[in-house]
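Containing compact mmCIF, C-alpha atoms: target-v2.txt.
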# COMPACT_ATOMS: atom_id res chain seq x y z
CA THR S 297 -10.48 -24.33 46.92
CA GLN S 298 -13.47 -26.59 47.41
CA LEU S 299 -12.98 -29.70 45.31
CA LEU S 300 -16.63 -30.68 45.54
CA GLU S 301 -19.14 -27.85 45.32
CA GLN S 302 -22.47 -28.66 46.89
CA SER S 303 -25.53 -26.46 46.56
CA PRO S 304 -27.67 -25.11 47.95
CA GLN S 305 -26.12 -24.93 51.39
CA PHE S 306 -29.46 -24.34 53.11
CA LEU S 307 -32.96 -25.25 51.97
CA SER S 308 -36.19 -24.65 53.81
CA ILE S 309 -39.36 -25.95 52.18
CA GLN S 310 -42.91 -27.01 52.90
CA GLU S 311 -44.06 -30.59 53.12
CA GLY S 312 -44.98 -31.96 49.71
CA GLU S 313 -42.54 -29.84 47.71
CA ASN S 314 -39.83 -31.27 45.50
CA LEU S 315 -36.17 -30.33 45.75
CA THR S 316 -32.82 -31.01 44.12
CA VAL S 317 -29.36 -30.84 45.65
CA TYR S 318 -26.36 -30.54 43.37
CA CYS S 319 -22.80 -31.66 43.74
CA ASN S 320 -20.27 -30.47 41.17
CA SER S 321 -16.56 -30.86 40.59
CA SER S 322 -14.00 -30.23 37.88
CA SER S 323 -12.43 -33.58 38.73
CA VAL S 324 -13.46 -37.10 37.84
CA PHE S 325 -14.38 -39.41 40.69
CA SER S 326 -14.31 -43.18 40.65
CA SER S 327 -17.42 -43.15 42.81
CA LEU S 328 -19.64 -40.72 44.60
CA GLN S 329 -21.62 -41.30 47.74
CA TRP S 330 -24.54 -39.47 49.29
CA TYR S 331 -24.87 -39.47 53.06
CA ARG S 332 -27.41 -38.12 55.51
CA GLN S 333 -26.29 -36.93 58.91
CA GLU S 334 -28.36 -36.21 62.00
CA PRO S 335 -27.04 -33.86 64.70
CA GLY S 336 -24.53 -35.56 66.97
CA GLU S 337 -24.29 -38.66 64.81
CA GLY S 338 -22.06 -39.94 62.06
CA PRO S 339 -23.10 -39.82 58.39
CA VAL S 340 -25.29 -42.68 57.18
CA LEU S 341 -24.83 -43.91 53.64
CA LEU S 342 -27.78 -43.41 51.31
CA VAL S 343 -26.35 -44.49 47.97
CA THR S 344 -23.16 -45.04 45.98
CA VAL S 345 -22.97 -44.26 42.28
CA VAL S 346 -20.05 -45.45 40.19
CA THR S 347 -21.08 -45.46 36.53
CA GLY S 348 -21.40 -42.28 34.47
CA GLY S 349 -25.06 -41.56 33.75
CA GLU S 350 -26.20 -43.91 36.49
CA VAL S 351 -29.55 -43.25 38.14
CA LYS S 352 -30.55 -44.85 41.41
CA LYS S 353 -33.83 -44.54 43.28
CA LEU S 354 -34.42 -44.97 46.97
CA LYS S 355 -38.15 -44.52 47.61
CA ARG S 356 -38.73 -40.78 47.07
CA LEU S 357 -35.02 -40.06 46.55
CA THR S 358 -33.47 -40.14 43.09
CA PHE S 359 -29.71 -39.97 42.66
CA GLN S 360 -27.94 -39.30 39.40
CA PHE S 361 -24.25 -39.46 38.47
CA GLY S 362 -23.17 -37.27 35.59
CA ASP S 363 -21.99 -38.84 32.36
CA ALA S 364 -18.45 -37.58 32.95
CA ARG S 365 -18.51 -38.65 36.62
CA LYS S 366 -17.82 -35.09 37.75
CA ASP S 367 -21.20 -34.21 39.15
CA SER S 368 -24.20 -35.70 40.88
CA SER S 369 -27.65 -34.71 42.02
CA LEU S 370 -30.12 -35.77 44.66
CA HIS S 371 -33.78 -35.17 43.98
CA ILE S 372 -36.41 -35.61 46.66
CA THR S 373 -40.04 -35.88 45.62
CA ALA S 374 -42.84 -34.79 47.93
CA ALA S 375 -40.55 -33.95 50.83
CA GLN S 376 -41.67 -34.86 54.33
CA PRO S 377 -40.62 -33.49 57.73
CA GLY S 378 -38.75 -36.75 58.30
CA ASP S 379 -36.43 -35.80 55.44
CA THR S 380 -35.02 -32.95 57.53
CA GLY S 381 -31.29 -33.29 58.03
CA LEU S 382 -27.85 -32.62 56.62
CA TYR S 383 -27.18 -34.19 53.23
CA LEU S 384 -23.57 -34.70 52.21
CA CYS S 385 -22.09 -35.72 48.91
CA ALA S 386 -18.64 -37.28 48.97
CA GLY S 387 -16.37 -38.42 46.18
CA ALA S 388 -13.51 -40.88 46.05
CA TRP S 389 -10.63 -40.53 43.59
CA GLN S 390 -9.95 -44.23 43.74
CA ALA S 391 -11.47 -47.23 45.47
CA GLY S 392 -10.31 -47.45 49.05
CA THR S 393 -9.16 -43.84 49.33
CA ALA S 394 -10.52 -41.21 51.68
CA LEU S 395 -13.63 -39.32 50.76
CA ILE S 396 -13.74 -35.70 49.69
CA PHE S 397 -16.86 -34.11 51.11
CA GLY S 398 -18.98 -31.28 49.83
CA LYS S 399 -20.01 -28.58 52.30
CA GLY S 400 -23.37 -30.21 52.84
CA THR S 401 -26.97 -29.14 52.40
CA THR S 402 -29.05 -28.49 55.49
CA LEU S 403 -32.63 -29.36 54.60
CA SER S 404 -35.58 -28.30 56.70
CA VAL S 405 -39.04 -29.54 55.79
CA SER S 406 -41.92 -28.04 57.69
CA SER S 407 -45.44 -29.41 57.89
CA GLY V 228 -24.08 -54.53 57.23
CA ALA V 229 -20.69 -53.16 58.14
CA VAL V 230 -20.64 -51.51 61.55
CA VAL V 231 -18.11 -49.02 62.85
CA SER V 232 -18.15 -48.14 66.53
CA GLN V 233 -16.60 -45.11 68.18
CA HIS V 234 -15.91 -44.55 71.84
CA PRO V 235 -16.44 -42.38 73.74
CA SER V 236 -19.33 -40.52 72.18
CA TRP V 237 -18.82 -37.40 74.30
CA VAL V 238 -15.81 -36.06 76.17
CA ILE V 239 -15.54 -32.92 78.26
CA CYS V 240 -12.17 -32.20 79.80
CA LYS V 241 -9.85 -29.46 80.95
CA SER V 242 -7.34 -27.75 78.72
CA GLY V 243 -4.02 -29.57 78.67
CA THR V 244 -5.55 -33.03 78.97
CA SER V 245 -4.85 -35.76 76.43
CA VAL V 246 -7.88 -37.57 75.10
CA LYS V 247 -7.99 -40.94 73.33
CA ILE V 248 -10.76 -41.82 70.90
CA GLU V 249 -11.27 -45.39 69.71
CA CYS V 250 -12.63 -46.53 66.36
CA ARG V 251 -13.54 -50.18 65.95
CA SER V 252 -14.78 -52.17 63.00
CA LEU V 253 -17.17 -54.61 64.64
CA ASP V 254 -17.84 -57.20 61.98
CA PHE V 255 -15.01 -56.80 59.52
CA GLN V 256 -11.30 -56.13 59.34
CA ALA V 257 -9.98 -52.85 58.07
CA THR V 258 -6.37 -52.27 57.07
CA THR V 259 -7.22 -48.63 56.52
CA MET V 260 -9.37 -46.31 58.57
CA PHE V 261 -9.92 -42.61 58.13
CA TRP V 262 -10.25 -39.86 60.71
CA TYR V 263 -12.30 -36.75 60.00
CA ARG V 264 -13.06 -33.60 61.96
CA GLN V 265 -16.28 -31.65 61.69
CA PHE V 266 -16.80 -28.18 63.12
CA PRO V 267 -20.34 -26.89 63.84
CA LYS V 268 -22.40 -26.33 60.72
CA GLN V 269 -19.55 -27.47 58.52
CA SER V 270 -18.77 -30.56 56.53
CA LEU V 271 -16.28 -33.32 57.28
CA MET V 272 -12.60 -32.61 56.74
CA LEU V 273 -10.13 -35.45 56.41
CA MET V 274 -7.44 -35.35 59.09
CA ALA V 275 -5.47 -38.51 58.46
CA THR V 276 -5.43 -41.98 57.04
CA SER V 277 -4.74 -44.69 59.58
CA ASN V 278 -2.84 -47.70 58.25
CA GLU V 279 -2.65 -50.96 60.15
CA GLY V 280 0.91 -51.75 61.13
CA SER V 281 2.43 -48.58 59.72
CA LYS V 282 2.50 -44.84 60.22
CA ALA V 283 -0.55 -42.76 59.59
CA THR V 284 -0.69 -40.34 56.70
CA TYR V 285 -1.68 -36.84 57.75
CA GLU V 286 -3.37 -34.17 55.66
CA GLN V 287 -1.70 -30.84 55.18
CA GLY V 288 -2.13 -28.62 58.20
CA VAL V 289 -2.80 -31.45 60.64
CA GLU V 290 -0.08 -31.75 63.29
CA LYS V 291 1.01 -35.37 63.62
CA ASP V 292 2.47 -34.75 67.08
CA LYS V 293 -0.79 -33.22 68.21
CA PHE V 294 -3.06 -35.92 66.82
CA LEU V 295 -1.44 -39.28 67.47
CA ILE V 296 -2.87 -42.20 65.53
CA ASN V 297 -2.28 -45.84 66.32
CA HIS V 298 -3.67 -48.70 64.23
CA ALA V 299 -2.26 -51.72 66.01
CA SER V 300 -4.87 -54.25 64.91
CA LEU V 301 -7.15 -54.84 61.96
CA THR V 302 -10.22 -53.79 63.94
CA LEU V 303 -9.00 -50.86 66.03
CA SER V 304 -7.59 -47.42 65.34
CA THR V 305 -7.10 -44.82 68.05
CA LEU V 306 -6.78 -41.06 67.80
CA THR V 307 -5.16 -39.29 70.74
CA VAL V 308 -5.51 -35.55 70.99
CA THR V 309 -2.50 -34.55 73.05
CA SER V 310 -2.52 -31.53 75.35
CA ALA V 311 -5.93 -30.53 74.06
CA HIS V 312 -6.93 -26.89 73.95
CA PRO V 313 -10.32 -25.22 73.41
CA GLU V 314 -9.63 -24.82 69.69
CA ASP V 315 -9.44 -28.62 69.43
CA SER V 316 -13.09 -28.85 70.44
CA SER V 317 -14.87 -30.49 67.54
CA PHE V 318 -16.75 -33.56 66.34
CA TYR V 319 -14.30 -36.33 65.43
CA ILE V 320 -15.53 -39.12 63.15
CA CYS V 321 -13.84 -42.23 61.84
CA SER V 322 -14.71 -44.40 58.88
CA ALA V 323 -13.73 -47.77 57.50
CA SER V 324 -14.70 -50.12 54.71
CA PRO V 325 -14.68 -53.93 54.56
CA LEU V 326 -13.20 -53.89 51.07
CA SER V 327 -11.57 -51.15 49.06
CA ASN V 328 -14.33 -51.23 46.46
CA GLN V 329 -17.10 -50.82 49.03
CA PRO V 330 -18.33 -47.52 50.47
CA GLN V 331 -17.06 -46.11 53.74
CA HIS V 332 -19.10 -46.66 56.89
CA PHE V 333 -18.87 -44.09 59.62
CA GLY V 334 -18.82 -44.28 63.38
CA ASP V 335 -21.27 -42.19 65.35
CA GLY V 336 -18.60 -39.64 66.14
CA THR V 337 -17.04 -38.27 69.30
CA ARG V 338 -17.96 -34.83 70.55
CA LEU V 339 -14.87 -33.34 72.18
CA SER V 340 -15.28 -30.26 74.34
CA ILE V 341 -12.21 -28.71 75.91
CA LEU V 342 -12.85 -26.22 78.69

Whole structure given in C-alpha cells:
Amino acid sequence: TQLLEQSPQFLSIQEGENLTVYCNSSSVFSSLQWYRQEPGEGPVLLVTVVTGGEVKKLKRLTFQFGDARKDSSLHITAAQPGDTGLYLCAGAWQAGTALIFGKGTTLSVSS
Amino acid sequence: GAVVSQHPSWVICKSGTSVKIECRSLDFQATTMFWYRQFPKQSLMLMATSNEGSKATYEQGVEKDKFLINHASLTLSTLTVTSAHPEDSSFYICSASPLSNQPQHFGDGTRLSIL
C-alpha cells in the first residue's frame, strides 16, 4: 500500500504549458516536502510546507498544503525545458523522522 | 546551507564483494541519518535509520546482517553491503538534518553495480 499517492507518474508537455502534480494521502503529516531529482544525483529540496492551507511560491512554482495536511500540490506555470526532471513529494509523520516518498513524477518539457 | 556528502559516488565490483558507503554531514552534526535505496525509475525507499552511538533501526524486509550500518560519530554514518550480489545493484542515498524540525538534506547518492 502506497502511503503517499503521487500523480501523474509521467508528464510530457510543451514549453509554455502549465501543469499540476498531486500528492495525496489518507494520513496526516506534520510536514511535507517537495524535491527535484536529476539522474544520478540526490534529491534537492524545493520547499517545505507545514501549516494546513499553506501556499508557497518559488518563482514559477506554487506549492499548496491541504487544509487537513493530508495532501499537497505543485503547480508549474509556463513550464520550460529546464524544469525537466523527477519531482518527488515526501511526508514526515513527526519532526526528525524519516520521509515517506511518493512514487515521483517524471516531467519532460520540450521546446 | 546544510551539506551532506556521500562517497563513493559510483562503485562497480564483483559478486561476493563487500562495499562500504560513507555519508558525512559537512557543516553540522547529525545524531540521526537515514539510508534510502532507489531502483531505476522508482522512488526512494527507506532502508534504515542510523542512530549515533546505538544500533540502527531497519525497515521491514531489509536484512540487518546484509546491510551493516555504523554511526560512530555525529558527522559520519556508513552503510556496508556485505557479500553483494547483482540484485543489490541500486542507487543508495543518505539524508540528514541539522535539527529535527528542519528538512532533510540528501547526499548525491552512490550508484552500486554488482557484476

Give me, as an MDAnalysis selection string, all polymer residues having an atom no more than 6 Å from segment 273-282 of chain V, counting all atoms listed in the file and skipping those fewer than 2 positions away in the same chain. chainID V and resid 258:263 284:286 298:299

May I ask for the distance between atom CA of Cys250 of chain V and atom CA of Gln390 of chain S, given in Å to one decimal place?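 Separation of atom CA of Cys250 of chain V and atom CA of Gln390 of chain S: 22.9 Å.
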
Provide the atom CA of Phe294 of chain V to atom CA of Thr337 of chain V distance in Å, to one decimal place.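 These atoms are spaced 14.4 Å apart.
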
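Within 7 Å of the file-frame point (-26.7, -39.4, 42.9), and using all atoms listed in the file, the polymer residues found are Trp330, Val345, Val351, Lys352, Thr358, Phe359, Gln360, Phe361, Ser368, Ser369 and Leu370 of chain S.
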
Please identify every residue of chain S that has at least one atom no more than 8 Å from any atom of chain V, counting all atoms listed in the file, and report them as number ranges by chain. S: 329, 336-341, 344, 384, 391-400

Suppose we keep C-alpha atoms; can you now write the selection as a short mmCIF file (atom, residue, chain, number, x, y, z; two decimals), keeping the file's coordinate frame?
data_model
loop_
_atom_site.label_atom_id
_atom_site.label_comp_id
_atom_site.auth_asym_id
_atom_site.auth_seq_id
_atom_site.Cartn_x
_atom_site.Cartn_y
_atom_site.Cartn_z
CA GLN S 329 -21.62 -41.30 47.74
CA GLY S 336 -24.53 -35.56 66.97
CA GLU S 337 -24.29 -38.66 64.81
CA GLY S 338 -22.06 -39.94 62.06
CA PRO S 339 -23.10 -39.82 58.39
CA VAL S 340 -25.29 -42.68 57.18
CA LEU S 341 -24.83 -43.91 53.64
CA THR S 344 -23.16 -45.04 45.98
CA LEU S 384 -23.57 -34.70 52.21
CA ALA S 391 -11.47 -47.23 45.47
CA GLY S 392 -10.31 -47.45 49.05
CA THR S 393 -9.16 -43.84 49.33
CA ALA S 394 -10.52 -41.21 51.68
CA LEU S 395 -13.63 -39.32 50.76
CA ILE S 396 -13.74 -35.70 49.69
CA PHE S 397 -16.86 -34.11 51.11
CA GLY S 398 -18.98 -31.28 49.83
CA LYS S 399 -20.01 -28.58 52.30
CA GLY S 400 -23.37 -30.21 52.84
#

Please identify all polymer residues within 12 Å of Gln310 of chain S, counting all atoms listed in the file, omitting same-chain residues fewer than 6 positions from it, and present them as a tab-separated table (two decimals) with C-alpha atoms, in the frame of the given file.
chain	number	residue	atom	x	y	z
S	373	THR	CA	-40.04	-35.88	45.62
S	374	ALA	CA	-42.84	-34.79	47.93
S	375	ALA	CA	-40.55	-33.95	50.83
S	376	GLN	CA	-41.67	-34.86	54.33
S	377	PRO	CA	-40.62	-33.49	57.73
S	378	GLY	CA	-38.75	-36.75	58.30
S	379	ASP	CA	-36.43	-35.80	55.44
S	380	THR	CA	-35.02	-32.95	57.53
S	403	LEU	CA	-32.63	-29.36	54.60
S	404	SER	CA	-35.58	-28.30	56.70
S	405	VAL	CA	-39.04	-29.54	55.79
S	406	SER	CA	-41.92	-28.04	57.69
S	407	SER	CA	-45.44	-29.41	57.89
